[in-house]
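Novice: Pasting a structure here, questions to come.
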Amino acid sequence: MTIKAIIFDVDGTLADTEDGHRKSFNKAFAESGLDWNWDVALYDKLLKVTGGKERIKYFVSDFLTGYTKPENFDEFVKHLHKVKTAHYTAMLREGQIPLRPGIKQLIQDAHAAGITLAIATTTTPENVSALLEVGLGKNWADYFAANGCGDIVPHKKPAPDIYFWVLEKMGLSAADCIALEDSENGLRSALAAGIKTYVTTNPYTHWHDFDGAAGIFEDLSDLAVFYRTTGLPLPKPLVSV
Ligand code: XBP
Ligand code: MG
């Protein structure tokens with residue numbers, strides 16, 4: 001099959017963002033007078049649920065005891081998440097979270113080779129643009145034919161909704177594409193949409209069950225291996241070597 005498109009997950013895949021998310025959640029909790037503190041071990045468990053708002057609700061329902069929800073709990077969670085997102089995008093704009101090894105080169109090589117690129121993530125559009133403005137420059141959106149993020153679909157990963165949304169936007173079938181993910185939820189989501197999926201692991205997800213992945217990499221620091229494994233049409237500079 002000739003790969004026509006690469007669909008990128010964001011958190012954990014384009015960049016090692018999850019600890020930045022975790023710290024931003026904690027800043028939002030403290031600012032809201034809550035004594036909640038998500039340490040790494042707890043956050044590792046909370047990552048079972050994708051989506052920051054959903055994750056807060058999961059924490060309240062499954063990990064908190066003796067907590068009385070405020071009247072307008074949904075609004076309360078939305079506000080908390082808004083504060084968290086402000087802290088997180090500030091971290092990104094300060095350049096605190098760089099793109100992972102090989103990601104910028106892959107995006108540039110693939111785009112130059114005429115391969116369609118897209119994003120499929122459960123994080124917010126603000127987070128995607130803040131991360132990629134720093135990582136790829138102010139015209140980052142020019143690289144992508146579709147930017148599927150956040151609440152545009154009713155069900156977040158591991159549901160396939162976001163991948164179906166991106167496929168439709170690109171006008172391509174699952175068989176034309178490969179996906180790049182970092183987590184079990186992300187892999188399940190892309191596989192459920194019928195997309196051949198490769199995984200790059202990170203400290204939060206290296207222990208996940210990646211059964212069904214077409215290949216697992218620690219990272220993309222050796223792009224030639226990634227191109228050979230995936231069968232991506234090598235861009236000119238690599239072919240001439
Ligand atoms: C990972 C997620 C996101 C982030 C937090 O998204 O599940 O919810 O953990 O970001 P991806 P928000 O699909 O890119 O791996 O608070 O913006 O949801
Ligand atoms: Mg991810």
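Residue names in the structure tokens use chain letters A, B, ... in the order shown, residue numbers from 1 in each chain, and ligand numbers from 1 in the order shown.
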Let me have all residues with an atom within 7 Å of ligand 2, counting only C-alpha atoms and all ligand atoms, laid out as number ranges by chain.

Specialist: A: 9-13, 181-183, 186

Novice: Put those residues in a file: N, CA, C and O atoms, as a PDB file, in the first residue's frame.

Specialist:
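Generated output (selection.pdb):
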```pdb
ATOM      1  N   ASP A   9      -1.004  11.711  16.630  1.00  0.00           N
ATOM      2  CA  ASP A   9      -1.490  12.039  17.974  1.00  0.00           C
ATOM      3  C   ASP A   9      -0.610  13.193  18.466  1.00  0.00           C
ATOM      4  O   ASP A   9       0.475  13.428  17.919  1.00  0.00           O
ATOM      5  N   VAL A  10      -1.049  13.875  19.515  1.00  0.00           N
ATOM      6  CA  VAL A  10      -0.260  15.017  20.035  1.00  0.00           C
ATOM      7  C   VAL A  10       0.447  14.678  21.344  1.00  0.00           C
ATOM      8  O   VAL A  10       1.667  14.491  21.375  1.00  0.00           O
ATOM      9  N   ASP A  11      -0.319  14.555  22.411  1.00  0.00           N
ATOM     10  CA  ASP A  11       0.316  14.398  23.736  1.00  0.00           C
ATOM     11  C   ASP A  11       1.032  13.069  23.864  1.00  0.00           C
ATOM     12  O   ASP A  11       0.429  12.020  23.700  1.00  0.00           O
ATOM     13  N   GLY A  12       2.316  13.168  24.166  1.00  0.00           N
ATOM     14  CA  GLY A  12       3.142  11.973  24.305  1.00  0.00           C
ATOM     15  C   GLY A  12       3.758  11.545  22.993  1.00  0.00           C
ATOM     16  O   GLY A  12       4.702  10.750  22.966  1.00  0.00           O
ATOM     17  N   THR A  13       3.230  12.023  21.866  1.00  0.00           N
ATOM     18  CA  THR A  13       3.722  11.598  20.541  1.00  0.00           C
ATOM     19  C   THR A  13       4.529  12.717  19.892  1.00  0.00           C
ATOM     20  O   THR A  13       5.704  12.565  19.610  1.00  0.00           O
ATOM     21  N   GLU A 181       0.988   7.025  17.460  1.00  0.00           N
ATOM     22  CA  GLU A 181       0.387   7.207  18.785  1.00  0.00           C
ATOM     23  C   GLU A 181       1.397   6.925  19.887  1.00  0.00           C
ATOM     24  O   GLU A 181       2.518   6.476  19.619  1.00  0.00           O
ATOM     25  N   ASP A 182       0.998   7.170  21.148  1.00  0.00           N
ATOM     26  CA  ASP A 182       1.931   6.884  22.266  1.00  0.00           C
ATOM     27  C   ASP A 182       1.285   6.036  23.345  1.00  0.00           C
ATOM     28  O   ASP A 182       1.968   5.572  24.263  1.00  0.00           O
ATOM     29  N   SER A 183      -0.061   5.899  23.307  1.00  0.00           N
ATOM     30  CA  SER A 183      -0.730   5.278  24.468  1.00  0.00           C
ATOM     31  C   SER A 183      -1.676   4.167  24.020  1.00  0.00           C
ATOM     32  O   SER A 183      -2.046   4.072  22.837  1.00  0.00           O
ATOM     33  N   GLY A 186      -4.855   5.628  22.679  1.00  0.00           N
ATOM     34  CA  GLY A 186      -4.676   6.157  21.327  1.00  0.00           C
ATOM     35  C   GLY A 186      -4.589   5.050  20.295  1.00  0.00           C
ATOM     36  O   GLY A 186      -5.193   5.129  19.220  1.00  0.00           O
TER      37      GLY A 186
END
```

Novice: I want to know what sits within 12 Å of Phe76 in chain A, based on only C-alpha atoms, with residues of the same chain fewer than 5 positions away left out; could you give that as a PDB file with N, CA, C and O atoms, in the first residue's frame?

Specialist:
```pdb
ATOM      1  N   ALA A  28      -3.819  24.780  38.726  1.00  0.00           N
ATOM      2  CA  ALA A  28      -5.235  25.189  38.675  1.00  0.00           C
ATOM      3  C   ALA A  28      -5.955  24.798  39.961  1.00  0.00           C
ATOM      4  O   ALA A  28      -6.753  25.571  40.515  1.00  0.00           O
ATOM      5  N   PHE A  29      -5.634  23.612  40.482  1.00  0.00           N
ATOM      6  CA  PHE A  29      -6.283  23.176  41.728  1.00  0.00           C
ATOM      7  C   PHE A  29      -5.907  24.125  42.868  1.00  0.00           C
ATOM      8  O   PHE A  29      -6.756  24.589  43.626  1.00  0.00           O
ATOM      9  N   SER A  32      -7.530  27.406  42.778  1.00  0.00           N
ATOM     10  CA  SER A  32      -8.978  27.338  43.064  1.00  0.00           C
ATOM     11  C   SER A  32      -9.234  26.932  44.503  1.00  0.00           C
ATOM     12  O   SER A  32     -10.339  26.545  44.867  1.00  0.00           O
ATOM     13  N   LEU A  34      -8.243  24.287  46.078  1.00  0.00           N
ATOM     14  CA  LEU A  34      -8.458  22.840  46.283  1.00  0.00           C
ATOM     15  C   LEU A  34      -7.166  22.211  46.776  1.00  0.00           C
ATOM     16  O   LEU A  34      -6.096  22.538  46.273  1.00  0.00           O
ATOM     17  N   LYS A  53     -11.061  17.494  31.130  1.00  0.00           N
ATOM     18  CA  LYS A  53     -12.310  17.658  31.907  1.00  0.00           C
ATOM     19  C   LYS A  53     -12.803  16.291  32.389  1.00  0.00           C
ATOM     20  O   LYS A  53     -13.166  16.112  33.548  1.00  0.00           O
ATOM     21  N   ILE A  56     -10.668  15.036  35.299  1.00  0.00           N
ATOM     22  CA  ILE A  56     -11.009  15.642  36.591  1.00  0.00           C
ATOM     23  C   ILE A  56     -12.234  14.932  37.179  1.00  0.00           C
ATOM     24  O   ILE A  56     -12.272  14.557  38.356  1.00  0.00           O
ATOM     25  N   LYS A  57     -13.237  14.688  36.343  1.00  0.00           N
ATOM     26  CA  LYS A  57     -14.463  14.015  36.820  1.00  0.00           C
ATOM     27  C   LYS A  57     -14.154  12.582  37.276  1.00  0.00           C
ATOM     28  O   LYS A  57     -14.687  12.103  38.282  1.00  0.00           O
ATOM     29  N   LYS A  69     -19.692  17.557  45.728  1.00  0.00           N
ATOM     30  CA  LYS A  69     -19.624  18.316  44.479  1.00  0.00           C
ATOM     31  C   LYS A  69     -20.380  19.631  44.626  1.00  0.00           C
ATOM     32  O   LYS A  69     -21.450  19.657  45.241  1.00  0.00           O
ATOM     33  N   PRO A  70     -19.843  20.707  44.063  1.00  0.00           N
ATOM     34  CA  PRO A  70     -20.593  21.979  44.069  1.00  0.00           C
ATOM     35  C   PRO A  70     -21.829  21.849  43.174  1.00  0.00           C
ATOM     36  O   PRO A  70     -21.896  20.958  42.330  1.00  0.00           O
ATOM     37  N   GLU A  71     -22.787  22.738  43.356  1.00  0.00           N
ATOM     38  CA  GLU A  71     -24.053  22.733  42.593  1.00  0.00           C
ATOM     39  C   GLU A  71     -23.806  22.487  41.104  1.00  0.00           C
ATOM     40  O   GLU A  71     -24.070  21.447  40.569  1.00  0.00           O
ATOM     41  N   HIS A  81     -10.694  23.551  34.188  1.00  0.00           N
ATOM     42  CA  HIS A  81      -9.928  23.130  33.011  1.00  0.00           C
ATOM     43  C   HIS A  81      -9.426  24.334  32.222  1.00  0.00           C
ATOM     44  O   HIS A  81      -8.328  24.318  31.659  1.00  0.00           O
ATOM     45  N   LYS A  82     -10.215  25.411  32.246  1.00  0.00           N
ATOM     46  CA  LYS A  82      -9.821  26.642  31.547  1.00  0.00           C
ATOM     47  C   LYS A  82      -8.567  27.248  32.210  1.00  0.00           C
ATOM     48  O   LYS A  82      -7.608  27.626  31.542  1.00  0.00           O
ATOM     49  N   VAL A  83      -8.580  27.237  33.546  1.00  0.00           N
ATOM     50  CA  VAL A  83      -7.423  27.766  34.301  1.00  0.00           C
ATOM     51  C   VAL A  83      -6.200  26.906  34.028  1.00  0.00           C
ATOM     52  O   VAL A  83      -5.102  27.387  33.772  1.00  0.00           O
TER      53      VAL A  83
END
```

Novice: One number please: atom 16 (O, counted along the ligand's line) of ligand 1 to CA of Asp35 in chain A, in Å, one decimal.

Specialist: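 CA of Asp35 in chain A lies at a distance of 18.9 Å from atom 16 (O, counted along the ligand's line) of ligand 1.
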
Novice: Might you pull out every residue within 12 Å of Asp222 in chain A, with only C-alpha atoms counted and same-chain residues fewer than 4 positions away left off, and present them as a PyMOL selection string?

Specialist: chain A and resi 100-103+105-106+217-218+226-229+238

Novice: What does the file look like for those residues with N, CA and C atoms, as a PDB file, in the first residue's frame?

Specialist:
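Ended up saving to selection21.pdb:
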```
ATOM      1  N   ARG A 100       9.428  16.043  20.266  1.00  0.00           N
ATOM      2  CA  ARG A 100      10.264  14.857  20.502  1.00  0.00           C
ATOM      3  C   ARG A 100      11.251  14.677  19.349  1.00  0.00           C
ATOM      4  N   PRO A 101      12.320  13.885  19.536  1.00  0.00           N
ATOM      5  CA  PRO A 101      13.333  13.695  18.495  1.00  0.00           C
ATOM      6  C   PRO A 101      12.716  13.187  17.184  1.00  0.00           C
ATOM      7  N   GLY A 102      13.131  13.789  16.093  1.00  0.00           N
ATOM      8  CA  GLY A 102      12.723  13.323  14.761  1.00  0.00           C
ATOM      9  C   GLY A 102      11.378  13.844  14.278  1.00  0.00           C
ATOM     10  N   ILE A 103      10.566  14.380  15.190  1.00  0.00           N
ATOM     11  CA  ILE A 103       9.198  14.765  14.806  1.00  0.00           C
ATOM     12  C   ILE A 103       9.201  15.905  13.783  1.00  0.00           C
ATOM     13  N   GLN A 105      11.530  16.878  11.721  1.00  0.00           N
ATOM     14  CA  GLN A 105      12.124  16.406  10.452  1.00  0.00           C
ATOM     15  C   GLN A 105      11.117  15.526   9.701  1.00  0.00           C
ATOM     16  N   LEU A 106      10.436  14.642  10.445  1.00  0.00           N
ATOM     17  CA  LEU A 106       9.432  13.767   9.818  1.00  0.00           C
ATOM     18  C   LEU A 106       8.327  14.602   9.179  1.00  0.00           C
ATOM     19  N   PHE A 217       8.428   1.988  18.690  1.00  0.00           N
ATOM     20  CA  PHE A 217       9.727   2.665  18.727  1.00  0.00           C
ATOM     21  C   PHE A 217       9.853   3.404  20.051  1.00  0.00           C
ATOM     22  N   GLU A 218      11.068   3.504  20.565  1.00  0.00           N
ATOM     23  CA  GLU A 218      11.256   4.335  21.767  1.00  0.00           C
ATOM     24  C   GLU A 218      11.045   5.806  21.395  1.00  0.00           C
ATOM     25  N   PHE A 226      12.624   4.332  10.796  1.00  0.00           N
ATOM     26  CA  PHE A 226      11.164   4.521  10.785  1.00  0.00           C
ATOM     27  C   PHE A 226      10.643   4.448   9.344  1.00  0.00           C
ATOM     28  N   TYR A 227      11.358   5.092   8.425  1.00  0.00           N
ATOM     29  CA  TYR A 227      10.912   5.077   7.009  1.00  0.00           C
ATOM     30  C   TYR A 227      10.975   3.650   6.454  1.00  0.00           C
ATOM     31  N   ARG A 228      12.036   2.952   6.782  1.00  0.00           N
ATOM     32  CA  ARG A 228      12.165   1.563   6.268  1.00  0.00           C
ATOM     33  C   ARG A 228      11.046   0.697   6.855  1.00  0.00           C
ATOM     34  N   THR A 229      10.780   0.845   8.147  1.00  0.00           N
ATOM     35  CA  THR A 229       9.767  -0.017   8.809  1.00  0.00           C
ATOM     36  C   THR A 229       8.364   0.252   8.277  1.00  0.00           C
ATOM     37  N   LEU A 238      17.107  11.779   1.950  1.00  0.00           N
ATOM     38  CA  LEU A 238      17.483  10.498   2.573  1.00  0.00           C
ATOM     39  C   LEU A 238      17.826   9.478   1.492  1.00  0.00           C
TER      40      LEU A 238
END
```

Novice: Applying 6 Å and only C-alpha atoms, which residues near Asn127 in chain A remain after dropping the ones on its own chain fewer than 3 positions away? List them as a PyMOL selection string.

Specialist: chain A and resi 89+124+130

Novice: Return the single residue from A:Asp151, A:Asp39, A:Glu75, A:Asp211 that is closest to ligand 1, with distances computed using only C-alpha atoms and all ligand atoms.

Specialist: A:Asp151

Novice: Would you mind writing down, as a VMD selection string, each residue of range 89-209 of chain A that DSSP on the backbone assigns to strand (DSSP E or B)?

Specialist: chain A and resid 99 116 to 120 146 to 148 177 to 181 196 to 200

Novice: What separation in Å, quoted to one decimal, exists between CA of Lys169 in chain A and CA of Thr205 in chain A?

Specialist: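 About the pair CA of Lys169 in chain A and CA of Thr205 in chain A: they are 28.7 Å apart.
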
Novice: May I have all residues of range 17-220 of chain A that DSSP, computed from the backbone, assigns to alpha helix (DSSP H), given as a PyMOL selection string?

Specialist: chain A and resi 18-31+40-46+52-62+73-93+103-112+125-136+161-170+184-192

Novice: Take the residues just selected and output them with C-alpha atoms as a short mmCIF file (atom, residue, chain, number, x, y, z; two decimals), in the first residue's frame.

Specialist:
```cif
data_model
loop_
_atom_site.label_atom_id
_atom_site.label_comp_id
_atom_site.auth_asym_id
_atom_site.auth_seq_id
_atom_site.Cartn_x
_atom_site.Cartn_y
_atom_site.Cartn_z
CA GLU A 18 1.92 14.85 30.01
CA ASP A 19 4.02 16.01 32.94
CA GLY A 20 3.42 19.58 31.80
CA HIS A 21 -0.31 18.84 31.82
CA ARG A 22 0.00 17.30 35.29
CA LYS A 23 1.80 20.35 36.74
CA SER A 24 -0.76 22.66 35.11
CA PHE A 25 -3.66 20.74 36.64
CA ASN A 26 -2.01 21.10 40.06
CA LYS A 27 -1.55 24.86 39.58
CA ALA A 28 -5.24 25.19 38.68
CA PHE A 29 -6.28 23.18 41.73
CA ALA A 30 -4.13 25.29 44.07
CA GLU A 31 -5.39 28.53 42.51
CA VAL A 40 3.22 11.17 38.97
CA ALA A 41 1.97 7.86 40.36
CA LEU A 42 -1.64 9.10 40.60
CA TYR A 43 -1.50 10.83 37.22
CA ASP A 44 -0.27 7.58 35.68
CA LYS A 45 -3.57 6.02 36.84
CA LEU A 46 -5.68 9.03 35.82
CA GLY A 52 -8.71 16.92 30.89
CA LYS A 53 -12.31 17.66 31.91
CA GLU A 54 -13.19 13.96 31.82
CA ARG A 55 -10.02 13.19 33.83
CA ILE A 56 -11.01 15.64 36.59
CA LYS A 57 -14.46 14.01 36.82
CA TYR A 58 -12.83 10.56 36.92
CA PHE A 59 -10.59 11.71 39.79
CA VAL A 60 -13.60 13.05 41.74
CA SER A 61 -15.72 9.95 41.17
CA ASP A 62 -13.11 7.22 41.60
CA PHE A 73 -20.32 20.73 38.88
CA ASP A 74 -20.01 20.75 35.09
CA GLU A 75 -19.38 24.51 35.05
CA PHE A 76 -16.96 24.11 37.95
CA VAL A 77 -14.96 21.49 36.02
CA LYS A 78 -15.01 23.61 32.83
CA HIS A 79 -13.62 26.57 34.79
CA LEU A 80 -10.92 24.46 36.42
CA HIS A 81 -9.93 23.13 33.01
CA LYS A 82 -9.82 26.64 31.55
CA VAL A 83 -7.42 27.77 34.30
CA LYS A 84 -5.32 24.66 33.74
CA THR A 85 -5.15 25.28 30.00
CA ALA A 86 -3.95 28.85 30.59
CA HIS A 87 -1.07 27.55 32.71
CA TYR A 88 -0.27 24.81 30.21
CA THR A 89 -0.23 27.07 27.14
CA ALA A 90 2.00 29.51 29.08
CA MET A 91 4.47 26.66 29.68
CA LEU A 92 4.40 25.82 25.96
CA ARG A 93 4.91 29.45 24.90
CA ILE A 103 9.20 14.77 14.81
CA LYS A 104 9.97 18.11 13.12
CA GLN A 105 12.12 16.41 10.45
CA LEU A 106 9.43 13.77 9.82
CA ILE A 107 6.74 16.42 9.39
CA GLN A 108 8.96 18.47 7.05
CA ASP A 109 10.18 15.41 5.06
CA ALA A 110 6.71 13.93 4.69
CA HIS A 111 5.14 17.27 3.73
CA ALA A 112 7.91 17.86 1.16
CA PRO A 125 -7.08 23.38 19.95
CA GLU A 126 -5.35 26.04 22.09
CA ASN A 127 -2.86 23.45 23.32
CA VAL A 128 -2.17 22.18 19.79
CA SER A 129 -1.49 25.65 18.42
CA ALA A 130 0.64 26.72 21.39
CA LEU A 131 2.78 23.57 21.08
CA LEU A 132 3.21 23.75 17.31
CA GLU A 133 3.69 27.52 17.04
CA VAL A 134 6.81 27.00 19.14
CA GLY A 135 7.80 23.66 17.59
CA LEU A 136 7.09 24.35 13.90
CA ASP A 161 -14.50 9.16 16.59
CA ILE A 162 -11.60 11.58 16.20
CA TYR A 163 -9.89 9.36 13.63
CA PHE A 164 -13.11 8.97 11.63
CA TRP A 165 -13.48 12.78 11.74
CA VAL A 166 -9.93 13.26 10.40
CA LEU A 167 -10.34 10.62 7.65
CA GLU A 168 -13.52 12.32 6.47
CA LYS A 169 -11.87 15.76 6.53
CA MET A 170 -8.94 14.45 4.43
CA GLU A 184 -3.03 2.27 24.72
CA ASN A 185 -6.09 4.53 24.43
CA GLY A 186 -4.68 6.16 21.33
CA LEU A 187 -3.71 2.85 19.74
CA ARG A 188 -7.20 1.41 20.43
CA SER A 189 -8.81 4.49 18.90
CA ALA A 190 -6.78 4.40 15.67
CA LEU A 191 -7.08 0.59 15.30
CA ALA A 192 -10.86 0.84 15.81
#
```

Novice: Find, counting only C-alpha atoms and all ligand atoms, the residue in A:Asn72, A:Asn139, A:Thr116, A:Thr50 that gets nearest to ligand 1.

Specialist: A:Thr50

Novice: CA of Lys4 in chain A to CA of Ile152 in chain A: how many Å, to one decimal?

Specialist: 24.1 Å

Novice: Give the answer as one residue: which of A:Leu64, A:Ala118, A:Val199, A:Leu232 has the shortest atom-to-atom distance to Ile6 in chain A, using only C-alpha atoms?

Specialist: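 Selected residue with least distance to Ile6 in chain A: A:Ala118.
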
Novice: Using only C-alpha atoms for the distances, tell me which of A:Met1, A:Leu47, A:Ala141, A:Leu220 is nearest to Leu14 in chain A.

Specialist: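 Closest to Leu14 in chain A, using only C-alpha atoms: A:Leu220.
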
Novice: Between A:Ile178, A:Ala5, A:Ala159, A:Ala193, which is the closest to Ala214 in chain A once you count only C-alpha atoms?

Specialist: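 Under the stated criterion, the closest residue is A:Ile178.
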